[in-house]
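What's in data_8.tsv: TSV, C-alpha atoms
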chain	number	residue	atom	x	y	z
A	4	MET	CA	0.00	0.00	0.00
A	5	ALA	CA	1.32	3.41	-0.91
A	6	GLU	CA	1.91	5.99	1.80
A	7	ARG	CA	-0.76	8.67	2.06
A	8	ASP	CA	0.09	12.21	1.02
A	9	LEU	CA	-2.08	13.77	3.71
A	10	ASP	CA	-2.71	12.94	7.35
A	11	ALA	CA	-6.21	12.17	8.60
A	12	ILE	CA	-6.86	15.69	9.90
A	13	SER	CA	-5.91	17.24	6.57
A	14	GLN	CA	-8.06	14.76	4.70
A	15	LEU	CA	-11.07	15.54	6.90
A	16	ARG	CA	-10.49	19.29	6.61
A	17	LEU	CA	-10.59	18.95	2.84
A	18	THR	CA	-13.37	16.39	2.56
A	19	SER	CA	-16.02	18.02	4.75
A	20	PRO	CA	-16.26	21.29	2.76
A	21	VAL	CA	-16.12	19.41	-0.55
A	22	LEU	CA	-19.03	17.23	0.51
A	23	ASN	CA	-20.93	20.30	1.68
A	24	HIS	CA	-20.36	22.06	-1.67
A	25	LEU	CA	-21.45	18.90	-3.47
A	26	SER	CA	-24.68	18.87	-1.47
A	27	HIS	CA	-25.43	22.45	-2.57
A	28	PHE	CA	-24.64	21.55	-6.19
A	29	VAL	CA	-26.96	18.53	-6.01
A	30	ALA	CA	-29.68	20.65	-4.37
A	31	GLU	CA	-29.81	22.81	-7.51
A	32	ILE	CA	-30.89	19.87	-9.70
A	33	VAL	CA	-34.45	20.41	-10.92
A	34	LEU	CA	-36.40	17.16	-11.06
A	35	ASP	CA	-39.90	18.63	-11.32
A	36	ALA	CA	-39.70	21.04	-14.23
A	37	HIS	CA	-43.29	20.33	-15.30
A	38	GLY	CA	-44.98	20.32	-11.89
A	39	THR	CA	-46.02	16.66	-11.95
A	40	ALA	CA	-46.75	14.40	-8.99
A	41	ALA	CA	-43.92	12.09	-10.01
A	42	GLY	CA	-41.57	15.07	-10.28
A	43	ALA	CA	-42.57	16.28	-6.82
A	44	LYS	CA	-41.81	12.82	-5.46
A	45	ARG	CA	-38.36	12.93	-7.05
A	46	GLU	CA	-37.77	16.43	-5.63
A	47	LYS	CA	-38.64	15.16	-2.13
A	48	LYS	CA	-36.26	12.24	-2.52
A	49	LEU	CA	-33.50	14.57	-3.70
A	50	GLU	CA	-34.16	16.80	-0.70
A	51	ARG	CA	-33.56	13.83	1.62
A	52	ILE	CA	-30.34	12.98	-0.22
A	53	VAL	CA	-29.10	16.55	0.15
A	54	GLU	CA	-29.93	16.53	3.86
A	55	ALA	CA	-28.01	13.27	4.27
A	56	LEU	CA	-24.98	14.68	2.46
A	57	GLN	CA	-25.02	17.77	4.68
A	58	LYS	CA	-25.35	15.62	7.79
A	59	GLN	CA	-22.38	13.51	6.72
A	60	ALA	CA	-20.32	16.64	6.03
A	61	TRP	CA	-21.12	17.78	9.57
A	62	GLU	CA	-20.15	14.37	10.98
A	63	LEU	CA	-16.81	14.57	9.15
A	64	ALA	CA	-16.21	18.03	10.66
A	65	LEU	CA	-16.94	16.61	14.12
A	66	LEU	CA	-14.49	13.75	13.53
A	67	CYS	CA	-11.87	16.28	12.53
A	68	ASP	CA	-12.49	18.27	15.71
A	69	GLU	CA	-12.06	15.09	17.77
A	70	LEU	CA	-8.74	14.32	16.11
A	71	VAL	CA	-7.50	17.89	16.56
A	72	ASN	CA	-8.42	17.78	20.26
A	73	GLU	CA	-6.60	14.46	20.71
A	74	GLU	CA	-3.50	15.93	19.05
A	75	ARG	CA	-3.61	18.93	21.40
A	76	GLU	CA	-3.93	16.69	24.44
A	77	ARG	CA	-0.89	14.67	23.35
A	78	ASP	CA	1.25	17.79	22.92
Represent the structure contained in this file as structure tokens.
Amino acid sequence: MAERDLDAISQLRLTSPVLNHLSHFVAEIVLDAHGTAAGAKREKKLERIVEALQKQAWELALLCDELVNEERERD
């Protein structure tokens, strides 16, 4: 296995905002352009996906905070 270029804290610091930006990008997708019931259903499903992405971005930020705190305690 090749050595990683970035440590875990750096990876989390980069990943969380990227995932958050992705969630905003995905949120802009229009799935109900014609105002149909099926389109509204798709929009609702997309909304849940976006919420999940944002929640996971938040969880990654919390993990990063935990690692940073552990590093501080060690030093």
**Request:** Grab the atom CA of Ile12 of chain A to atom CA of Cys67 of chain A distance for me, in Å with one decimal place.
**Result:** 5.7 Å
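Atom CA of Ser26 of chain A to atom CA of Arg51 of chain A spans 10.7 Å [interatomic distance, one decimal].
Rounded to one decimal, atom CA of Gln14 of chain A and atom CA of Lys48 of chain A lie 29.2 Å from each other.
Proximity ranking of A:Lys44, A:His24, A:Arg16, A:Arg7 relative to Ala64 of chain A places A:Arg16 first, based on only C-alpha atoms.
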**Message:** Could you check the closest approach to Val53 of chain A for each of A:Ser13, A:Asn23, A:Asn72, A:Thr39 and tell me which residue wins, using all atoms listed in the file?
**Reply:** A:Asn23
